[in-house]
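See below for the structure under consideration.
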Amino acid sequence: MVKKIPSATVGLPPLWMARVIATAGNIGNPEEIRKKFRKLLGEPKPKELDLNSIPPEIAALFTQQGMLQKIRKRLESITKKPAKRLAATKGRVACVDEDDVVYVGVDFLEKFKNREDLVAGVLAHEWGHMVSNLPPEQELDNMTLDEVLALCRDEEAGADAFAGRALYLMGYTVEDMVEFLKNLEKIEKKIKSKKYHPVDIREAILREAFKAQKKTEDTARRLLVTAHLGFSHAAKSRFIGEG
Ligand SMILES: [Zn+2]
């Protein structure tokens, strides 16, 4: 069990933070780096499914009025980072490719389409990847596989921390996402992934980040009310930009 994540990290893993600082203004081409990551980990690029080939009620989620687009708009407004498009895939929950196409699994949606808090958490995690600063390319070249995996775990933790904050800002809860991760770990126990932290750490990060964002906002609201400025939505969306 994780007793406590140091509050100084306010939901952001220290390595992730350090990397954001170290690489500020010095990032390589993010598309190239993401492509390299994928290659190092032996992950194939996700296959995009034609929306006409999937069940209509799932395809509807991808249309302009659909739930996925609604969540996407909120995440884009929080981060100012647009996705190229949302695409359907299968055999995975969700992922983002080097062109910022966000894929969501049809089988995942068939099972969980009524759990909006969970779908929002999963999408927010992918936006967490889109806004993270990756290390310069030459740094990756000099790393061992274990070092690359450690970097991946750190990247995943950063995406979870972002998801926890974004869920709060969008008005959702973290409970569905935590429950989902716990079940996922139960199912995948045998193929324990080196790419992710164990679920108790992921849970702690999600919850801490959610709380940290709430605290930030409560403090901001108090300060603004004190200054008779009111609380504008613009201020609300600014805080997460750095996370
Ligand atoms: Zn991820």
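Starting from 1 in every chain, residues are counted up; chains themselves are A, B, ... following the order of the structure tokens, and ligands are numbered from 1 as listed.
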
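With a cut-off of 7 Å and using only C-alpha atoms and all ligand atoms, the polymer residues contacting ligand 1 are A:Cys95, A:His125, A:Glu126, A:His129, A:Glu156, A:Ala159.
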
Which neighbours of region 97-100 of chain A fall inside 9 Å, counting only C-alpha atoms, when residues of the same chain fewer than 2 positions from it are skipped, and could you give them as a list in words? Pro30, Glu31, Glu32, Ile33, Arg34, Lys35, Lys45, Pro46, Pro82, Ala83, Lys84, Arg85, Cys95, Val102, Tyr103 and Met130 of chain A

task = Using only C-alpha atoms, pick whichever of A:Lys90, A:Arg153, A:Lys73, A:Lys111 has the shortest atom-to-atom distance to Ala124 (chain A).
result =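 The closest residue to Ala124 (chain A) is A:Lys73.
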
Quiz item: Out of region 34-217 of chain A, which residues get alpha helix (DSSP H) from DSSP, as a ChimeraX atom specification?
Solution: /A:34-40,56-62,67-79,106-112,116-131,137-141,145-170,175-187,199-217

File dump, residues just selected, C-alpha atoms, as a JSON list (two decimals), in the first residue's frame:
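Dumped everything to selection-v5.json:
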[["chain", "number", "residue", "atom", "x", "y", "z"],
["A", 34, "ARG", "CA", 6.60, 9.51, -29.81],
["A", 35, "LYS", "CA", 7.29, 7.38, -32.85],
["A", 36, "LYS", "CA", 10.63, 6.35, -31.35],
["A", 37, "PHE", "CA", 9.01, 5.50, -28.01],
["A", 38, "ARG", "CA", 6.57, 3.25, -29.78],
["A", 39, "LYS", "CA", 9.36, 1.51, -31.65],
["A", 40, "LEU", "CA", 11.48, 1.01, -28.53],
["A", 56, "PRO", "CA", -24.34, 2.43, -34.74],
["A", 57, "GLU", "CA", -24.83, 3.32, -31.06],
["A", 58, "ILE", "CA", -21.05, 3.29, -30.62],
["A", 59, "ALA", "CA", -20.44, 5.22, -33.85],
["A", 60, "ALA", "CA", -22.89, 7.85, -32.55],
["A", 61, "LEU", "CA", -20.52, 8.59, -29.65],
["A", 62, "PHE", "CA", -17.94, 9.81, -32.21],
["A", 67, "MET", "CA", -20.37, 12.08, -25.72],
["A", 68, "LEU", "CA", -16.76, 11.65, -26.86],
["A", 69, "GLN", "CA", -16.81, 14.95, -28.74],
["A", 70, "LYS", "CA", -18.34, 16.71, -25.75],
["A", 71, "ILE", "CA", -15.52, 15.51, -23.49],
["A", 72, "ARG", "CA", -12.96, 16.33, -26.19],
["A", 73, "LYS", "CA", -14.19, 19.94, -26.38],
["A", 74, "ARG", "CA", -13.80, 20.34, -22.64],
["A", 75, "LEU", "CA", -10.28, 18.90, -22.65],
["A", 76, "GLU", "CA", -9.30, 21.10, -25.57],
["A", 77, "SER", "CA", -10.57, 24.16, -23.76],
["A", 78, "ILE", "CA", -8.67, 23.26, -20.59],
["A", 79, "THR", "CA", -5.37, 22.49, -22.35],
["A", 106, "VAL", "CA", -14.96, 0.00, -29.48],
["A", 107, "ASP", "CA", -15.05, -2.98, -27.09],
["A", 108, "PHE", "CA", -14.26, -0.64, -24.18],
["A", 109, "LEU", "CA", -17.08, 1.71, -25.23],
["A", 110, "GLU", "CA", -19.59, -1.13, -25.67],
["A", 111, "LYS", "CA", -18.99, -2.08, -22.08],
["A", 112, "PHE", "CA", -18.66, 1.37, -20.48],
["A", 116, "GLU", "CA", -19.24, 9.04, -18.56],
["A", 117, "ASP", "CA", -16.89, 9.74, -15.63],
["A", 118, "LEU", "CA", -14.75, 6.79, -16.66],
["A", 119, "VAL", "CA", -14.69, 7.66, -20.37],
["A", 120, "ALA", "CA", -13.76, 11.25, -19.42],
["A", 121, "GLY", "CA", -10.92, 9.97, -17.21],
["A", 122, "VAL", "CA", -9.58, 7.74, -19.96],
["A", 123, "LEU", "CA", -9.66, 10.58, -22.51],
["A", 124, "ALA", "CA", -8.11, 13.02, -20.02],
["A", 125, "HIS", "CA", -5.24, 10.56, -19.53],
["A", 126, "GLU", "CA", -4.56, 10.70, -23.29],
["A", 127, "TRP", "CA", -4.58, 14.51, -23.22],
["A", 128, "GLY", "CA", -2.05, 14.19, -20.39],
["A", 129, "HIS", "CA", 0.25, 12.51, -22.91],
["A", 130, "MET", "CA", -0.42, 15.19, -25.49],
["A", 131, "VAL", "CA", 0.61, 18.03, -23.18],
["A", 137, "GLU", "CA", 15.62, 12.54, -29.03],
["A", 138, "GLN", "CA", 19.33, 12.07, -28.42],
["A", 139, "GLU", "CA", 18.61, 11.36, -24.75],
["A", 140, "LEU", "CA", 16.44, 8.41, -25.75],
["A", 141, "ASP", "CA", 19.18, 7.02, -27.98],
["A", 145, "LEU", "CA", 15.56, -0.49, -22.11],
["A", 146, "ASP", "CA", 15.11, -0.35, -18.33],
["A", 147, "GLU", "CA", 15.68, 3.38, -18.41],
["A", 148, "VAL", "CA", 13.18, 3.78, -21.22],
["A", 149, "LEU", "CA", 10.63, 1.77, -19.23],
["A", 150, "ALA", "CA", 11.23, 3.94, -16.17],
["A", 151, "LEU", "CA", 10.65, 6.99, -18.33],
["A", 152, "CYS", "CA", 7.42, 5.43, -19.60],
["A", 153, "ARG", "CA", 6.16, 4.77, -16.09],
["A", 154, "ASP", "CA", 6.94, 8.35, -15.27],
["A", 155, "GLU", "CA", 5.14, 9.53, -18.40],
["A", 156, "GLU", "CA", 2.11, 7.39, -17.49],
["A", 157, "ALA", "CA", 2.12, 8.77, -13.95],
["A", 158, "GLY", "CA", 2.15, 12.28, -15.38],
["A", 159, "ALA", "CA", -0.81, 11.44, -17.60],
["A", 160, "ASP", "CA", -2.70, 10.07, -14.57],
["A", 161, "ALA", "CA", -1.89, 13.19, -12.58],
["A", 162, "PHE", "CA", -3.21, 15.30, -15.41],
["A", 163, "ALA", "CA", -6.35, 13.13, -15.59],
["A", 164, "GLY", "CA", -7.04, 13.61, -11.88],
["A", 165, "ARG", "CA", -6.84, 17.38, -12.25],
["A", 166, "ALA", "CA", -8.86, 17.49, -15.45],
["A", 167, "LEU", "CA", -11.62, 15.29, -13.99],
["A", 168, "TYR", "CA", -12.06, 17.78, -11.20],
["A", 169, "LEU", "CA", -12.13, 20.73, -13.61],
["A", 170, "MET", "CA", -14.71, 19.02, -15.81],
["A", 175, "GLU", "CA", -14.08, 6.86, -8.56],
["A", 176, "ASP", "CA", -14.99, 5.17, -11.85],
["A", 177, "MET", "CA", -11.45, 5.44, -13.15],
["A", 178, "VAL", "CA", -9.97, 4.03, -9.95],
["A", 179, "GLU", "CA", -12.40, 1.11, -9.99],
["A", 180, "PHE", "CA", -11.65, 0.46, -13.65],
["A", 181, "LEU", "CA", -7.87, 0.37, -13.04],
["A", 182, "LYS", "CA", -8.32, -2.02, -10.14],
["A", 183, "ASN", "CA", -10.33, -4.44, -12.25],
["A", 184, "LEU", "CA", -7.86, -4.10, -15.10],
["A", 185, "GLU", "CA", -5.03, -5.08, -12.80],
["A", 186, "LYS", "CA", -6.95, -8.10, -11.58],
["A", 187, "ILE", "CA", -7.47, -9.30, -15.14],
["A", 199, "VAL", "CA", -2.55, 0.32, -9.42],
["A", 200, "ASP", "CA", -2.26, 1.50, -5.80],
["A", 201, "ILE", "CA", 0.27, 4.09, -6.93],
["A", 202, "ARG", "CA", -1.88, 5.09, -9.89],
["A", 203, "GLU", "CA", -4.88, 5.42, -7.59],
["A", 204, "ALA", "CA", -2.93, 7.60, -5.16],
["A", 205, "ILE", "CA", -1.73, 9.84, -7.99],
["A", 206, "LEU", "CA", -5.25, 10.25, -9.43],
["A", 207, "ARG", "CA", -6.75, 11.06, -6.06],
["A", 208, "GLU", "CA", -3.95, 13.42, -4.99],
["A", 209, "ALA", "CA", -4.09, 15.31, -8.28],
["A", 210, "PHE", "CA", -7.87, 15.62, -8.05],
["A", 211, "LYS", "CA", -7.57, 16.97, -4.51],
["A", 212, "ALA", "CA", -4.72, 19.30, -5.46],
["A", 213, "GLN", "CA", -6.77, 20.84, -8.24],
["A", 214, "LYS", "CA", -9.74, 21.29, -5.92],
["A", 215, "LYS", "CA", -7.49, 22.97, -3.38],
["A", 216, "THR", "CA", -5.98, 25.26, -6.02],
["A", 217, "GLU", "CA", -9.41, 26.29, -7.08]]

Backbone DSSP call of strand (DSSP E or B) for region 5-232 of chain A, listed as a PDB file with N, CA and C atoms, in the first residue's frame:
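The resulting states_25.pdb:
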ATOM      1  N   LEU A  49     -10.694   2.016 -37.164  1.00  0.00           N
ATOM      2  CA  LEU A  49     -11.855   1.324 -37.722  1.00  0.00           C
ATOM      3  C   LEU A  49     -12.779   2.325 -38.403  1.00  0.00           C
ATOM      4  N   ARG A  85      -8.121  14.285 -34.502  1.00  0.00           N
ATOM      5  CA  ARG A  85      -9.487  13.758 -34.567  1.00  0.00           C
ATOM      6  C   ARG A  85      -9.617  12.610 -33.568  1.00  0.00           C
ATOM      7  N   LEU A  86     -10.863  12.197 -33.349  1.00  0.00           N
ATOM      8  CA  LEU A  86     -11.108  11.015 -32.538  1.00  0.00           C
ATOM      9  C   LEU A  86     -11.337   9.847 -33.496  1.00  0.00           C
ATOM     10  N   ALA A  87     -10.737   8.713 -33.166  1.00  0.00           N
ATOM     11  CA  ALA A  87     -10.866   7.553 -34.048  1.00  0.00           C
ATOM     12  C   ALA A  87     -11.246   6.323 -33.242  1.00  0.00           C
ATOM     13  N   ALA A  88     -11.929   5.407 -33.896  1.00  0.00           N
ATOM     14  CA  ALA A  88     -12.304   4.147 -33.241  1.00  0.00           C
ATOM     15  C   ALA A  88     -11.242   3.098 -33.517  1.00  0.00           C
ATOM     16  N   THR A  89     -10.943   2.283 -32.502  1.00  0.00           N
ATOM     17  CA  THR A  89     -10.013   1.172 -32.698  1.00  0.00           C
ATOM     18  C   THR A  89     -10.563  -0.020 -31.925  1.00  0.00           C
ATOM     19  N   ALA A  94      -7.692   3.084 -24.851  1.00  0.00           N
ATOM     20  CA  ALA A  94      -7.507   4.328 -25.599  1.00  0.00           C
ATOM     21  C   ALA A  94      -6.020   4.584 -25.765  1.00  0.00           C
ATOM     22  N   CYS A  95      -5.666   5.353 -26.761  1.00  0.00           N
ATOM     23  CA  CYS A  95      -4.268   5.764 -26.923  1.00  0.00           C
ATOM     24  C   CYS A  95      -4.220   6.956 -27.869  1.00  0.00           C
ATOM     25  N   VAL A  96      -3.048   7.593 -27.917  1.00  0.00           N
ATOM     26  CA  VAL A  96      -2.881   8.730 -28.827  1.00  0.00           C
ATOM     27  C   VAL A  96      -1.644   8.454 -29.667  1.00  0.00           C
ATOM     28  N   VAL A 101      -3.843  11.969 -33.073  1.00  0.00           N
ATOM     29  CA  VAL A 101      -5.132  11.296 -33.287  1.00  0.00           C
ATOM     30  C   VAL A 101      -5.398  10.490 -32.012  1.00  0.00           C
ATOM     31  N   VAL A 102      -6.575  10.686 -31.409  1.00  0.00           N
ATOM     32  CA  VAL A 102      -6.910   9.971 -30.175  1.00  0.00           C
ATOM     33  C   VAL A 102      -7.830   8.797 -30.505  1.00  0.00           C
ATOM     34  N   TYR A 103      -7.374   7.593 -30.181  1.00  0.00           N
ATOM     35  CA  TYR A 103      -8.129   6.380 -30.475  1.00  0.00           C
ATOM     36  C   TYR A 103      -8.863   5.905 -29.228  1.00  0.00           C
ATOM     37  N   VAL A 104     -10.113   5.465 -29.404  1.00  0.00           N
ATOM     38  CA  VAL A 104     -10.857   4.877 -28.287  1.00  0.00           C
ATOM     39  C   VAL A 104     -11.347   3.507 -28.735  1.00  0.00           C
ATOM     40  N   GLY A 105     -11.212   2.520 -27.854  1.00  0.00           N
ATOM     41  CA  GLY A 105     -11.571   1.142 -28.191  1.00  0.00           C
ATOM     42  C   GLY A 105     -13.078   0.927 -28.238  1.00  0.00           C
TER      43      GLY A 105
END

Computed gap from CA of Val93 (chain A) to CA of Arg115 (chain A) is 13.7 Å
